[in-house]
Amino acid sequence: MSCSDQTGLDAELLAFGRQSGPTVRAVHDQFHGDLLEVSMGPQHPSTHGVFRMVATLDGEQIVKLKPVFGYLHRNHEKIAENTTYLGSMPYTDRLDYLCSMTTNWAYALAVEKLSGQAVPDRAQYLRIIMGELTRLVNHSCLVGFLFNDLGTSFTPLLYAFREREKILDLFESLSGSRMMCNYQRFGGCRVDPSPAWLAAARALVDNFPRFLDEYERMLTGNEIMLARTQGVGRLDPAHAVNAGLTGPVLRASGVDYDIRKVDGYGFYPRFDFRVPLGAHGDTYDRYMMRILEMRESVKILQQAFKDLPAGPIMDPKAKIRGFRPKPGEAYGRIEGPKGELGFYLISDGSPNPYRYRVRPPSLINLTLLEEMCLGHTIADSVVILGSIDIVLGEVDR
Amino acid sequence: MLGTGILKGLLVTAKNFTGSYHDPKRMVTVEYPEQKTVLPENYRNFPFLVSESADDPMGTLRCVACQICEKECPPQCIIIEKSKDKKPDAAGKQQFYPAIFSIDTSVCMSCQICVEVCPFDSIKMDKVFEIAATDRFQDLLLTRDRLAKSNSYYHQIHPEEAAEVDGRLAAERKIAEEKAKAAAAAKAAAAKPAASVNPASAPAAPAPKTPPPAA
């Protein structure tokens with residue numbers, strides 16, 4: 001390719017990072033010279049779903065990375081604007097299909113704010129139990145997938161899935177479905193757990209730190225893992241705050257921002273727990289953040305099981321059929337396992353929301369993928385993507 | 001020392017590997033078609049229609065074709081057509097019945113909202129999950145005759161929930177019967193004095209004779 005042909009160069013520059021074309025092709029850049037553009041995905045096993053990265057390489061280093069998504073777009077927000085308030089509840093299960101309990105909770109919280117609906121104490125405790133169990137599900141999944149991306153070929157993933165499956169069995173016996181729980185309602189929860197269920201959940205939670213110890217013994221001190229993750233994908237706090245990142249990715253950079261503490265929604269102010277913070281903002285910190293958060297979740301769960309009050313799980317004034325909140329708007333947000341998960345609703349007094357908007361943590365955390373990947377190799381970009389923790393159902397909606 | 005972390009990790013793997021042969025905690029999978037796990041009571045898959053008797057499931061459907069579930073179903077997978085005539089239900093009351101009741105299971109997302117909104121306890125969640133079919137239009141569109149299942153089947157798959165529903169329905173029926181009895185008694189009591197008194201001087205009689213209000 002000749003550099004002297006100016007119009008040819010412009011054409012090449014315009015085509016830089018284009019949306020379709022061959023998987024690997026040569027491109028030319030004014031500043032870097034001859035580069036190689038690699039399109040990874042959308043059917044790549046390490047992209048965690050139908051996600052595509054167009055990475056431009058100088059030698060082995062990434063000089064430009066363009067995330068391409070929208071392959072799983074299902075028109076979630078518009079569907080919700082054409083369904084009743086209750087009718088969108090099962091659709092929120094499908095947003096972040098790994099943690100449907102927390103997505104349900106965020107939506108229920110927004111609608112309760114909109115309609116001024118009270119929630120009984122027992123339901124508040126049950127929500128915290130379900131939310132923290134979901135955090136265990138999500139984070140154990142994440143560390144498993146992260147090691148799969150590192151090339152540990154399924155062993156840690158299946159150990160993590162073994163534990164996750166125990167929690168999903170609990171969810172199934174309570175709500176009827178492993179992943180699409182559809183458990184929260186406006187003004188409470190749908191099913192009251194039996195004493196046997198609570199005993200099983202308590203036993204599971206008490207045994208969970210043992211799994212974490214085993215997992216850490218297996219991998220946290222592993223020299224290959226340390227070499228692959230420490231110093232990889234650094235993110236400085238200023239950048240993270242500017243981009244609106246939330247959740248463990250933000251806290252790994254050392255920013256103390258947890259909505260459970262900041263906003264104090266639900267009954268979280270009654271609980272004694274700490275927010276782990278990272279120091280370097282690299283992939284290793286993001287991994288450790290998940291492990292430490294799981295340990296804190298276990299603490300929260302133990303307190304919740306101890307203090308769980310008796311009583312009704314649904315507010316008697318709550319309406320199932322013919323629910324019409326008065327005109328107004330509300331934003332309900334919770335600290336989901338992936339970050340700030342919010343629902344913004346505008347009501348015009350009709351049975352359907354006038355506007356329904358989701359603030360998905362996965363999508364917003366994904367915006368800094370390029371910053372983290374610059375200067376690293378393709379193999380590292382896979383690990384960095386894994387450490388951000390995305391679910392494409394939520395990114396594309 | 002470099003490499004100790006890896007060795008420690010391999011020790012854990014070895015423990016799990018040997019444990020997978022004898023330790024029940026580490027034997028977590030089942031050989032599916034031969035072995036099956038017990039489904040939990042609350043498990044849900046696709047809806048079915050409850051009918052009172054197993055001998056005549058189509059004639060004794062609890063559904064009165066009120067079409068609430070059709071309206072509330074989020075993916076709109078229920079198709080109902082109301083009957084023209086009425087049939088007596090379990091309590092002997094004349095009710096409509098669904099002439100057509102179909103659920104498109106290729107659309108249904110098993111969310112259970114139809115069950116929650118049904119005021120007659122006539123639609124419930126089934127537990128059958130082995131539903132592979134070769135034709136996606138005929139076989140996955142469950143029509144009325146394939147949806148109708150008896151109350152005893154419901155008791156079999158959700159014993160606790162079915163007992164609760166039956167108790168509630170029986171209580172409601174009892175209240176309704178008592179109300180009907182009380183109403184009949186009141187009617188009889190009202191009819192007696194009316195019959196004994198001369199109709200011309202009865203206070204109820206002048207009502208139709210009053211002139212209509214001026215327009």
# chains A, B, ... in the order shown; residues from 1 in each chain; ligands from 1
call {"tool": "residues_around", "arguments": {"residues": "Asp263 of chain A", "least_positions_apart": "2", "cutoff": "12 Å", "atoms": "only C-alpha atoms", "output": "ChimeraX atom specification"}}
result
/A:257-261,265-269,332-335,340
call {"tool": "residues_around", "arguments": {"residues": "Tyr97 of chain B", "least_positions_apart": "6", "cutoff": "8 Å", "atoms": "only C-alpha atoms", "output": "VMD selection string"}}
result
chain B and resid 61 63 to 65 82 to 83 86 to 87
call {"tool": "write_last_selection", "arguments": {"atoms": "C-alpha atoms", "output": "short mmCIF file (atom, residue, chain, number, x, y, z; two decimals), in the first residue's frame"}}
result
data_model
loop_
_atom_site.label_atom_id
_atom_site.label_comp_id
_atom_site.auth_asym_id
_atom_site.auth_seq_id
_atom_site.Cartn_x
_atom_site.Cartn_y
_atom_site.Cartn_z
CA LEU B 61 -63.88 -26.37 32.82
CA CYS B 63 -62.90 -21.08 33.00
CA VAL B 64 -65.80 -18.70 32.32
CA ALA B 65 -64.08 -16.95 29.38
CA LYS B 82 -66.40 -16.68 24.44
CA SER B 83 -69.28 -19.10 23.94
CA LYS B 86 -74.27 -20.68 28.96
CA LYS B 87 -73.61 -23.84 30.91
#
call {"tool": "closest_atom_pairs", "arguments": {"of": "chain A", "to": "chain B", "cutoff": "10 Å", "atoms": "only C-alpha atoms", "output": "CSV"}}
result
residue,atom,partner,partner_atom,distance
A:Ile79,CA,B:Pro74,CA,9.2
A:Ala80,CA,B:Pro74,CA,9.2
A:Asn82,CA,B:Pro74,CA,9.5
A:Thr83,CA,B:Pro74,CA,6.5
A:Thr84,CA,B:Glu72,CA,7.5
A:Tyr85,CA,B:Pro74,CA,9.9
A:Leu86,CA,B:Ile113,CA,8.3
A:Gly87,CA,B:Pro74,CA,4.9
A:Ser88,CA,B:Pro74,CA,7.0
A:Met89,CA,B:Cys111,CA,8.9
A:Pro90,CA,B:Cys111,CA,5.9
A:Tyr91,CA,B:Pro74,CA,8.3
A:Asp93,CA,B:Cys111,CA,9.6
A:Thr155,CA,B:Thr13,CA,8.0
A:Pro156,CA,B:Thr13,CA,9.1
A:Tyr159,CA,B:Asn16,CA,9.1
A:Arg162,CA,B:Val28,CA,7.3
A:Glu163,CA,B:Val28,CA,10.0
A:Glu165,CA,B:Val28,CA,9.5
A:Lys166,CA,B:Val28,CA,9.7
A:Asp169,CA,B:Pro40,CA,8.8
A:Leu170,CA,B:Pro40,CA,9.4
A:Phe171,CA,B:Asn42,CA,9.9
A:Glu172,CA,B:Tyr43,CA,6.5
A:Ser173,CA,B:Pro40,CA,5.0
A:Leu174,CA,B:Asn42,CA,6.4
A:Ser175,CA,B:Asn42,CA,6.4
A:Gly176,CA,B:Tyr43,CA,3.9
A:Ser177,CA,B:Tyr43,CA,6.2
A:Arg178,CA,B:Tyr43,CA,9.0
A:Met180,CA,B:Cys111,CA,7.9
A:Cys181,CA,B:Cys111,CA,8.3
A:Asn182,CA,B:Cys111,CA,6.7
A:Tyr183,CA,B:Cys111,CA,9.8
A:Arg190,CA,B:Glu116,CA,9.5
A:Val191,CA,B:Asn42,CA,9.4
A:Glu214,CA,B:Val12,CA,7.1
A:Tyr215,CA,B:Val12,CA,8.4
A:Glu216,CA,B:Gly9,CA,8.5
A:Arg217,CA,B:Gly9,CA,6.0
A:Met218,CA,B:Gly9,CA,3.5
A:Leu219,CA,B:Gly9,CA,5.9
A:Thr220,CA,B:Gly5,CA,7.9
A:Gly221,CA,B:Gly5,CA,4.7
A:Asn222,CA,B:Gly5,CA,4.3
A:Glu223,CA,B:Gly5,CA,6.1
A:Ile224,CA,B:Ile6,CA,7.8
A:Met225,CA,B:Ile6,CA,9.2
A:Leu226,CA,B:Gly5,CA,9.8
A:Ile320,CA,B:Val117,CA,7.0
A:Arg321,CA,B:Val117,CA,6.5
A:Gly322,CA,B:Glu72,CA,9.6
call {"tool": "closest_residue", "arguments": {"among": "B:Val115, B:Ile123, B:Ala148, B:Val38", "to": "Asp55 of chain B", "atoms": "only C-alpha atoms"}}
result
B:Ala148
call {"tool": "closest_residue", "arguments": {"among": "A:Val262, A:Leu109, A:Cys373, A:Ile388", "to": "His48 of chain A", "atoms": "only C-alpha atoms"}}
result
A:Ile388
call {"tool": "select_by_dssp", "arguments": {"residues": "segment 81-198 of chain B", "states": "strand (DSSP E)", "output": "MDAnalysis selection string"}}
result
chainID B and resid 81:82 87:88 94:95 98:104 123:125 141:142 148:150
call {"tool": "select_by_dssp", "arguments": {"residues": "segment 183-257 of chain A", "states": "alpha helix (DSSP H)", "output": "ChimeraX atom specification"}}
result
/A:195-219,223-229,237-242,248-252
call {"tool": "atom_distance", "arguments": {"atom1": "atom CA of Leu35 of chain A", "atom2": "atom CA of Ile62 of chain A"}}
result
9.7 Å
call {"tool": "residues_around", "arguments": {"residues": "segment 102-106 of chain B", "least_positions_apart": "2", "cutoff": "10 Å", "atoms": "only C-alpha atoms", "output": "compact mmCIF listing (two decimals) with N, CA and C atoms, in the first residue's frame"}}
result
# COMPACT_ATOMS: atom_id res chain seq x y z
N ASN B 45 -44.07 -24.38 34.32
CA ASN B 45 -43.63 -24.40 32.93
C ASN B 45 -44.65 -23.71 32.04
N PHE B 46 -45.70 -24.41 31.59
CA PHE B 46 -46.72 -23.77 30.77
C PHE B 46 -48.07 -23.90 31.46
N PRO B 47 -49.01 -23.03 31.17
CA PRO B 47 -50.30 -23.11 31.87
C PRO B 47 -51.16 -24.26 31.36
N PHE B 48 -52.10 -24.67 32.19
CA PHE B 48 -53.16 -25.60 31.77
C PHE B 48 -54.46 -25.15 32.40
N GLU B 70 -56.22 -13.12 28.92
CA GLU B 70 -55.87 -12.77 27.54
C GLU B 70 -55.36 -11.33 27.47
N PRO B 75 -46.77 -11.48 26.68
CA PRO B 75 -46.45 -11.70 25.26
C PRO B 75 -47.67 -11.99 24.40
N GLN B 76 -48.88 -11.87 24.95
CA GLN B 76 -50.12 -12.04 24.18
C GLN B 76 -50.18 -13.41 23.51
N CYS B 77 -50.03 -14.46 24.30
CA CYS B 77 -50.01 -15.80 23.70
C CYS B 77 -51.30 -16.55 23.93
N ILE B 78 -52.31 -15.93 24.58
CA ILE B 78 -53.56 -16.64 24.86
C ILE B 78 -54.63 -16.15 23.88
N ILE B 79 -55.36 -17.08 23.32
CA ILE B 79 -56.44 -16.74 22.39
C ILE B 79 -57.73 -17.33 22.96
N ILE B 80 -58.72 -16.47 23.23
CA ILE B 80 -59.97 -16.95 23.82
C ILE B 80 -61.13 -16.46 22.97
N GLU B 81 -62.10 -17.34 22.78
CA GLU B 81 -63.36 -16.89 22.19
C GLU B 81 -64.49 -17.34 23.11
N PRO B 98 -65.34 -21.10 27.46
CA PRO B 98 -64.54 -20.73 26.29
C PRO B 98 -64.82 -21.66 25.12
N ALA B 99 -65.31 -21.08 24.02
CA ALA B 99 -65.51 -21.89 22.81
C ALA B 99 -64.15 -22.21 22.20
N ILE B 100 -63.25 -21.24 22.27
CA ILE B 100 -61.87 -21.46 21.83
C ILE B 100 -60.97 -20.98 22.96
N CYS B 108 -45.33 -18.25 24.72
CA CYS B 108 -45.46 -18.17 26.18
C CYS B 108 -44.10 -18.13 26.86
N MET B 109 -43.95 -17.24 27.86
CA MET B 109 -42.68 -17.18 28.57
C MET B 109 -42.79 -17.65 30.01
N SER B 110 -43.82 -18.39 30.33
CA SER B 110 -43.95 -19.06 31.64
C SER B 110 -43.85 -18.08 32.80
N ILE B 131 -41.37 -31.42 26.05
CA ILE B 131 -42.43 -31.05 25.11
C ILE B 131 -41.87 -30.87 23.71
N ARG B 136 -43.82 -26.95 14.60
CA ARG B 136 -43.90 -25.86 15.57
C ARG B 136 -45.22 -25.12 15.54
N PHE B 137 -46.07 -25.35 14.55
CA PHE B 137 -47.34 -24.64 14.52
C PHE B 137 -48.46 -25.46 15.14
N GLN B 138 -48.64 -26.69 14.68
CA GLN B 138 -49.72 -27.52 15.20
C GLN B 138 -49.40 -28.02 16.60
N ASP B 139 -48.16 -28.47 16.80
CA ASP B 139 -47.85 -29.16 18.06
C ASP B 139 -47.63 -28.18 19.20
N LEU B 140 -47.18 -26.98 18.91
CA LEU B 140 -46.89 -26.05 20.00
C LEU B 140 -48.07 -25.14 20.33
N LEU B 141 -49.10 -25.14 19.49
CA LEU B 141 -50.31 -24.38 19.82
C LEU B 141 -51.24 -25.30 20.59
N LEU B 142 -51.30 -25.11 21.90
CA LEU B 142 -52.11 -26.00 22.73
C LEU B 142 -53.55 -25.53 22.68
N THR B 143 -54.44 -26.39 22.18
CA THR B 143 -55.85 -26.03 22.08
C THR B 143 -56.57 -26.46 23.36
N ARG B 144 -57.85 -26.14 23.42
CA ARG B 144 -58.67 -26.36 24.61
C ARG B 144 -58.61 -27.81 25.10
N ASP B 145 -58.71 -28.75 24.16
CA ASP B 145 -58.75 -30.15 24.59
C ASP B 145 -57.41 -30.62 25.14
N ARG B 146 -56.30 -30.02 24.68
CA ARG B 146 -55.01 -30.43 25.22
C ARG B 146 -54.69 -29.68 26.51
N LEU B 147 -55.33 -28.53 26.71
CA LEU B 147 -55.05 -27.75 27.92
C LEU B 147 -55.85 -28.25 29.11
call {"tool": "residues_around", "arguments": {"residues": "segment 231-235 of chain A", "least_positions_apart": "2", "cutoff": "10 Å", "atoms": "only C-alpha atoms", "output": "ChimeraX atom specification"}}
result
/A:226-229,237-240,249-250,252-254,280-286,368-377,380-381,383-385,387
call {"tool": "write_last_selection", "arguments": {"atoms": "C-alpha atoms", "output": "tab-separated table (two decimals), in the first residue's frame"}}
result
chain	number	residue	atom	x	y	z
A	226	LEU	CA	-1.03	-12.92	38.76
A	227	ALA	CA	1.15	-12.33	35.71
A	228	ARG	CA	-1.86	-12.15	33.43
A	229	THR	CA	-3.98	-9.84	35.57
A	237	PRO	CA	-10.50	6.84	39.18
A	238	ALA	CA	-10.96	10.18	37.38
A	239	HIS	CA	-11.67	8.44	34.10
A	240	ALA	CA	-14.03	5.99	35.72
A	249	VAL	CA	-15.47	-1.81	38.34
A	250	LEU	CA	-15.59	1.69	39.83
A	252	ALA	CA	-11.75	-1.42	42.04
A	253	SER	CA	-10.33	1.95	41.02
A	254	GLY	CA	-10.64	3.14	44.61
A	280	HIS	CA	-4.82	-0.06	41.36
A	281	GLY	CA	-7.90	-0.45	39.20
A	282	ASP	CA	-6.41	-3.34	37.26
A	283	THR	CA	-7.98	-6.67	36.37
A	284	TYR	CA	-6.63	-8.30	39.51
A	285	ASP	CA	-8.33	-5.68	41.69
A	286	ARG	CA	-11.56	-6.18	39.83
A	368	LEU	CA	-14.35	2.51	28.84
A	369	LEU	CA	-13.32	-0.80	27.31
A	370	GLU	CA	-11.06	0.94	24.79
A	371	GLU	CA	-9.28	2.97	27.48
A	372	MET	CA	-8.51	-0.18	29.41
A	373	CYS	CA	-7.38	-2.20	26.41
A	374	LEU	CA	-5.03	0.30	24.71
A	375	GLY	CA	-1.46	-0.97	24.68
A	376	HIS	CA	-2.40	-4.50	25.59
A	377	THR	CA	-2.70	-7.60	23.43
A	380	ASP	CA	-5.51	-9.33	27.43
A	381	SER	CA	-8.51	-7.55	25.97
A	383	VAL	CA	-9.57	-10.85	30.10
A	384	ILE	CA	-10.37	-7.15	30.53
A	385	LEU	CA	-13.77	-7.62	28.93
A	387	SER	CA	-13.44	-8.45	34.29
